[in-house]
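Notes follow once the structure below has been shown.
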Amino acid sequence: MPELPEVETVRRGLRKLVQGSRITEVEIMYPKMIEGDSREFATTLRGKVLEDVDRRGKFLLLRFSDGWTVVSHLRMEGKYFVEKKGAPIRKHTHVIFNLDDGRQLRYNDVRKFGRMRLIKTGSETQLPSLKKLGPEPVAADFKVAAFYQGLQKKKKAIKPALLDQNLVTGLGNIYVDEVLWMSKIHPQTPCNHLTQADVQILHDNIIQELARAVEAGGTTIRSYTDAFQNEGGFQFELQAYQKTGQPCPRCQTPIERIVVGQRGTHFCPNCQQVK
DNA sequence: TCCTGTACCTGAAAGC
DNA sequence: TGCTTTCAGGTACAGG
C-alpha cells in the first residue's frame, strides 16, 4: 500500500526508466481509472514526451511536453512497470503507454482503486485533492508551530488526523502506527490533548521515519514493488505495525490491535496511553 | 466547518 | 474440499 516513501521510490524509478520517452499510443482497458474523458486522455498524450516525474504527497505528477501533466494516485495497489511491446499482458493491467522505443509503460492495479487525471501543467494546485494537502514531511516545509496549532483546533483522535493529509502529507496506515509508537502517543488521543512536547517529538519522528523509509526504498507488506519491480526494505524496520502479540521492542508488553477510524491499528498498551 | 460512515475493488484468509 | 464471509485500506463524497 503505497505511502510517501513508496511513491517517492516509484517516482525515482520512473525517472530513470522512461524520462525522455515519447508516447506513441495510450491504451485504456479500464476507463473508470481515468478521471474525466478517457478518450481525450489518450488522444492528448499521443506524441507527447515524458519530460519529468514529480511528486506531491502521495500523488505522482507525470510532466509531458506541451504543458500537460498526468496526476496519478496509486491508492492501494497501483504500480507502474516497463516491458517490451508484445510481452504477455498481466492480469490487472489497466493502462498502457506505448513508447517510441518499442517499450511500454504499464499501469497495473489489482484493486482498481488508483486514479489518473490529465490536466494543464501548473493547474494541479487548483485540484481539490492536491489543494488540501498539508506540507511535505521535510524540515524545510513542515513546521512544528503550525503543526501544533493545527492539532489544537481538532478534537478527533490523532490517528485519523494524521491520515487526513491536511496537517502533513504522506502518512498512511503503516507509518502512522510507527510514528505514534515511536512518539509514545496512543492512536486514540484527542489531538487537542497533545502537549507541545508531544507534538515536537511526533513532528521530529514523522520527518525522521519517512526519510529512513525513503532511504530503504519503501515498505512491502502485501504487494508493493517499485518501477523496477523490486520490493522495499523497510518492512524489516517496523516496530509496531502488524506486530500484534509480539513484545514491544521498548518494554516487552505485547503489541495490541484495535480499530481506530475504521483502520486496523497497532500500539503498545504500556508505552502508549490515552491522555 | 468538523467529523463519521460508506463506497469503491479484489484476493487472501478464516469460518463453516 | 469447496463455498461463503470477512478483512485489508486511500480517497471522495454524503450526511449529521
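Chain labels follow the order of the C-alpha cells: the first chain is A, the next B, and so on; residue numbering restarts at 1 in every chain, and ligands are counted from 1 in their shown order.
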field: Filtered DSSP result for segment 6-239 of chain A, state strand (DSSP E or B), as a VMD selection string
entry: chain A and resid 22 to 28 34 to 35 49 to 56 59 to 64 68 to 73 78 to 84 93 to 99 103 to 109 115 to 120 157 190
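Residues from chain C found within 9 Å of chain A are C:DA8, C:DG9, C:DG10, C:DT11, C:DA12, counting only C-alpha atoms (C1' of nucleotides).
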7 Å contacts from chain B to chain A using only C-alpha atoms (C1' of nucleotides), as a list in words: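 Here is what falls inside 7 Å: DC8, DC9 and DT10 of chain B.
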Resulting file, chosen residues, C-alpha atoms (C1' of nucleotides), as a compact mmCIF listing (two decimals), in the first residue's frame:
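Heads up, here's the output in result_13.txt:
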# COMPACT_ATOMS: atom_id res chain seq x y z
C1' DC B 8 -15.04 1.76 -4.47
C1' DC B 9 -12.41 -3.09 -5.57
C1' DT B 10 -10.11 -7.91 -5.47
task: Give me, please, the distance in Å between atom CA of Thr189 of chain A and atom C1' of DG16 of chain C, quoted to one decimal.
output: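 Separating atom CA of Thr189 of chain A from atom C1' of DG16 of chain C is a distance of 23.2 Å.
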- prompt: So how far away is atom CA of Ala161 of chain A from atom CA of Ala145 of chain A, in Å?
  reply: 16.5 Å
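Residues in contact range of segment 1-7 of chain C, defined as at most 10 Å between only C-alpha atoms (C1' of nucleotides), with sequence neighbours fewer than 2 positions away removed, read Gly264 of chain A; DA12, DA13, DA14, DG15 and DC16 of chain B; DG9 of chain C.
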task: Might you pull out every residue within 8 Å of Glu136 of chain A, with only C-alpha atoms (C1' of nucleotides) counted and same-chain residues fewer than 6 positions away left off, and present them as an MDAnalysis selection string?
output: chainID A and resid 56:57 142 168:170
Expected file: the selected residues, N, CA, C and O atoms, as a PDB file, in the first residue's frame:
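The result, written out as part.pdb:
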ATOM      1  N   ARG A  56       3.778  15.060  -5.298  1.00  0.00           N
ATOM      2  CA  ARG A  56       3.232  15.930  -4.237  1.00  0.00           C
ATOM      3  C   ARG A  56       2.452  15.018  -3.313  1.00  0.00           C
ATOM      4  O   ARG A  56       1.434  14.435  -3.726  1.00  0.00           O
ATOM      5  N   GLY A  57       2.936  14.867  -2.071  1.00  0.00           N
ATOM      6  CA  GLY A  57       2.317  13.903  -1.172  1.00  0.00           C
ATOM      7  C   GLY A  57       2.413  12.514  -1.793  1.00  0.00           C
ATOM      8  O   GLY A  57       3.490  12.085  -2.208  1.00  0.00           O
ATOM      9  N   PHE A 142       7.701  21.472   6.795  1.00  0.00           N
ATOM     10  CA  PHE A 142       6.852  21.014   7.895  1.00  0.00           C
ATOM     11  C   PHE A 142       7.314  21.684   9.195  1.00  0.00           C
ATOM     12  O   PHE A 142       8.338  21.287   9.767  1.00  0.00           O
ATOM     13  N   VAL A 168      -0.122  17.251   7.577  1.00  0.00           N
ATOM     14  CA  VAL A 168       1.148  16.881   6.945  1.00  0.00           C
ATOM     15  C   VAL A 168       0.795  15.788   5.941  1.00  0.00           C
ATOM     16  O   VAL A 168      -0.079  14.973   6.197  1.00  0.00           O
ATOM     17  N   THR A 169       1.447  15.789   4.797  1.00  0.00           N
ATOM     18  CA  THR A 169       1.070  14.826   3.773  1.00  0.00           C
ATOM     19  C   THR A 169       2.060  13.664   3.701  1.00  0.00           C
ATOM     20  O   THR A 169       3.223  13.822   4.071  1.00  0.00           O
ATOM     21  N   GLY A 170       1.575  12.507   3.283  1.00  0.00           N
ATOM     22  CA  GLY A 170       2.469  11.379   3.025  1.00  0.00           C
ATOM     23  C   GLY A 170       2.302  10.183   3.928  1.00  0.00           C
ATOM     24  O   GLY A 170       2.755   9.101   3.596  1.00  0.00           O
TER      25      GLY A 170
END
Got a sec to tell me which of segment 78-273 of chain A DSSP assigns to helix (DSSP H, G or I), as a short mmCIF file (atom, residue, chain, number, x, y, z; two decimals) with N, CA and C atoms, in the first residue's frame?
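Result file follows (selection.cif):
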data_model
loop_
_atom_site.label_atom_id
_atom_site.label_comp_id
_atom_site.auth_asym_id
_atom_site.auth_seq_id
_atom_site.Cartn_x
_atom_site.Cartn_y
_atom_site.Cartn_z
N SER A 123 -1.87 23.77 -13.24
CA SER A 123 -3.21 23.86 -12.65
C SER A 123 -3.42 22.83 -11.54
N GLU A 124 -2.38 21.99 -11.28
CA GLU A 124 -2.55 20.96 -10.24
C GLU A 124 -2.82 21.56 -8.87
N THR A 125 -2.31 22.77 -8.65
CA THR A 125 -2.53 23.39 -7.33
C THR A 125 -3.99 23.75 -7.12
N GLN A 126 -4.76 23.76 -8.22
CA GLN A 126 -6.19 24.09 -8.10
C GLN A 126 -7.06 22.84 -7.95
N PRO A 128 -8.88 20.06 -6.16
CA PRO A 128 -9.26 19.95 -4.74
C PRO A 128 -8.42 18.94 -3.97
N SER A 129 -8.11 17.81 -4.61
CA SER A 129 -7.38 16.76 -3.90
C SER A 129 -5.95 17.19 -3.56
N LEU A 130 -5.34 18.02 -4.39
CA LEU A 130 -3.97 18.48 -4.11
C LEU A 130 -3.96 19.77 -3.31
N LYS A 131 -5.01 20.56 -3.52
CA LYS A 131 -5.10 21.86 -2.86
C LYS A 131 -5.12 21.72 -1.34
N VAL A 144 6.86 22.86 13.11
CA VAL A 144 6.23 22.33 14.32
C VAL A 144 5.19 23.30 14.90
N ALA A 145 5.40 24.59 14.78
CA ALA A 145 4.45 25.56 15.36
C ALA A 145 3.10 25.46 14.67
N ALA A 146 3.11 25.41 13.33
CA ALA A 146 1.86 25.30 12.57
C ALA A 146 1.20 23.94 12.83
N PHE A 147 2.00 22.92 12.97
CA PHE A 147 1.50 21.57 13.24
C PHE A 147 0.78 21.56 14.59
N TYR A 148 1.40 22.16 15.58
CA TYR A 148 0.81 22.22 16.92
C TYR A 148 -0.51 23.01 16.90
N GLN A 149 -0.50 24.15 16.22
CA GLN A 149 -1.71 24.97 16.13
C GLN A 149 -2.84 24.22 15.44
N GLY A 150 -2.50 23.51 14.37
CA GLY A 150 -3.50 22.72 13.64
C GLY A 150 -4.10 21.64 14.52
N LEU A 151 -3.26 20.98 15.31
CA LEU A 151 -3.73 19.92 16.20
C LEU A 151 -4.62 20.47 17.32
N GLN A 152 -4.29 21.63 17.80
CA GLN A 152 -5.06 22.24 18.89
C GLN A 152 -6.50 22.53 18.48
N ILE A 158 -5.82 11.41 17.14
CA ILE A 158 -4.61 11.77 16.39
C ILE A 158 -4.41 10.87 15.16
N LYS A 159 -4.79 9.60 15.27
CA LYS A 159 -4.52 8.72 14.11
C LYS A 159 -5.27 9.16 12.86
N PRO A 160 -6.62 9.28 12.90
CA PRO A 160 -7.30 9.75 11.68
C PRO A 160 -6.88 11.15 11.26
N ALA A 161 -6.45 11.99 12.22
CA ALA A 161 -5.98 13.33 11.86
C ALA A 161 -4.71 13.25 11.02
N LEU A 162 -3.83 12.32 11.34
CA LEU A 162 -2.59 12.17 10.57
C LEU A 162 -2.84 11.53 9.20
N LEU A 163 -3.91 10.72 9.12
CA LEU A 163 -4.24 10.08 7.84
C LEU A 163 -4.92 11.05 6.87
N ASN A 173 -1.48 4.21 6.75
CA ASN A 173 -1.74 3.41 7.95
C ASN A 173 -0.48 2.84 8.61
N ILE A 174 0.46 2.40 7.79
CA ILE A 174 1.67 1.78 8.35
C ILE A 174 2.50 2.80 9.12
N TYR A 175 2.84 3.90 8.45
CA TYR A 175 3.75 4.87 9.07
C TYR A 175 3.09 5.64 10.21
N VAL A 176 1.76 5.79 10.18
CA VAL A 176 1.09 6.44 11.32
C VAL A 176 1.27 5.58 12.57
N ASP A 177 1.03 4.27 12.44
CA ASP A 177 1.22 3.38 13.60
C ASP A 177 2.67 3.45 14.10
N GLU A 178 3.60 3.50 13.17
CA GLU A 178 5.01 3.53 13.55
C GLU A 178 5.41 4.82 14.26
N VAL A 179 5.00 5.97 13.69
CA VAL A 179 5.43 7.24 14.31
C VAL A 179 4.73 7.46 15.65
N LEU A 180 3.50 6.95 15.80
CA LEU A 180 2.83 7.09 17.10
C LEU A 180 3.49 6.19 18.14
N TRP A 181 3.91 5.01 17.71
CA TRP A 181 4.65 4.13 18.63
C TRP A 181 5.96 4.80 19.04
N MET A 182 6.69 5.31 18.05
CA MET A 182 7.98 5.97 18.33
C MET A 182 7.80 7.14 19.31
N CYS A 191 -6.51 15.13 19.47
CA CYS A 191 -5.41 16.00 19.01
C CYS A 191 -5.13 17.12 19.98
N ASN A 192 -6.21 17.72 20.51
CA ASN A 192 -6.02 18.89 21.37
C ASN A 192 -5.59 18.54 22.79
N HIS A 193 -5.37 17.24 23.06
CA HIS A 193 -4.82 16.83 24.36
C HIS A 193 -3.30 16.72 24.31
N GLN A 196 2.81 20.49 23.80
CA GLN A 196 3.80 20.98 22.84
C GLN A 196 4.97 20.01 22.73
N ALA A 197 5.35 19.44 23.89
CA ALA A 197 6.47 18.48 23.89
C ALA A 197 6.11 17.23 23.07
N ASP A 198 4.85 16.74 23.24
CA ASP A 198 4.40 15.57 22.46
C ASP A 198 4.50 15.88 20.97
N VAL A 199 4.00 17.06 20.59
CA VAL A 199 3.92 17.43 19.18
C VAL A 199 5.32 17.60 18.59
N GLN A 200 6.23 18.13 19.39
CA GLN A 200 7.61 18.30 18.91
C GLN A 200 8.22 16.92 18.60
N ILE A 201 8.00 15.97 19.51
CA ILE A 201 8.55 14.62 19.31
C ILE A 201 7.91 13.96 18.10
N LEU A 202 6.57 14.09 18.00
CA LEU A 202 5.85 13.49 16.88
C LEU A 202 6.33 14.08 15.55
N HIS A 203 6.43 15.39 15.51
CA HIS A 203 6.90 16.11 14.32
C HIS A 203 8.27 15.58 13.87
N ASP A 204 9.20 15.48 14.83
CA ASP A 204 10.56 15.04 14.50
C ASP A 204 10.57 13.58 14.03
N ASN A 205 9.73 12.76 14.68
CA ASN A 205 9.68 11.34 14.29
C ASN A 205 9.08 11.15 12.89
N ILE A 206 8.09 11.98 12.54
CA ILE A 206 7.48 11.88 11.20
C ILE A 206 8.55 12.15 10.14
N ILE A 207 9.30 13.21 10.33
CA ILE A 207 10.35 13.58 9.36
C ILE A 207 11.40 12.46 9.28
N GLN A 208 11.83 12.02 10.45
CA GLN A 208 12.90 11.02 10.52
C GLN A 208 12.46 9.67 9.94
N GLU A 209 11.25 9.23 10.30
CA GLU A 209 10.79 7.91 9.88
C GLU A 209 10.56 7.85 8.37
N LEU A 210 9.94 8.88 7.81
CA LEU A 210 9.68 8.86 6.37
C LEU A 210 10.99 8.96 5.58
N ALA A 211 11.93 9.72 6.09
CA ALA A 211 13.23 9.83 5.42
C ALA A 211 13.94 8.47 5.43
N ARG A 212 13.88 7.79 6.56
CA ARG A 212 14.51 6.46 6.65
C ARG A 212 13.84 5.47 5.71
N ALA A 213 12.50 5.57 5.61
CA ALA A 213 11.76 4.64 4.75
C ALA A 213 12.06 4.91 3.27
N VAL A 214 12.21 6.18 2.91
CA VAL A 214 12.59 6.51 1.52
C VAL A 214 13.96 5.90 1.23
N GLU A 215 14.86 6.06 2.18
CA GLU A 215 16.22 5.54 2.03
C GLU A 215 16.20 4.02 1.80
N PHE A 234 11.88 -1.61 4.01
CA PHE A 234 11.60 -1.03 5.32
C PHE A 234 10.70 -1.90 6.18
N GLN A 235 10.07 -2.94 5.57
CA GLN A 235 9.21 -3.82 6.37
C GLN A 235 10.00 -4.49 7.49
N PHE A 236 11.33 -4.60 7.32
CA PHE A 236 12.16 -5.24 8.35
C PHE A 236 12.46 -4.27 9.50
N GLU A 237 12.10 -3.01 9.32
CA GLU A 237 12.39 -1.99 10.33
C GLU A 237 11.15 -1.68 11.18
#
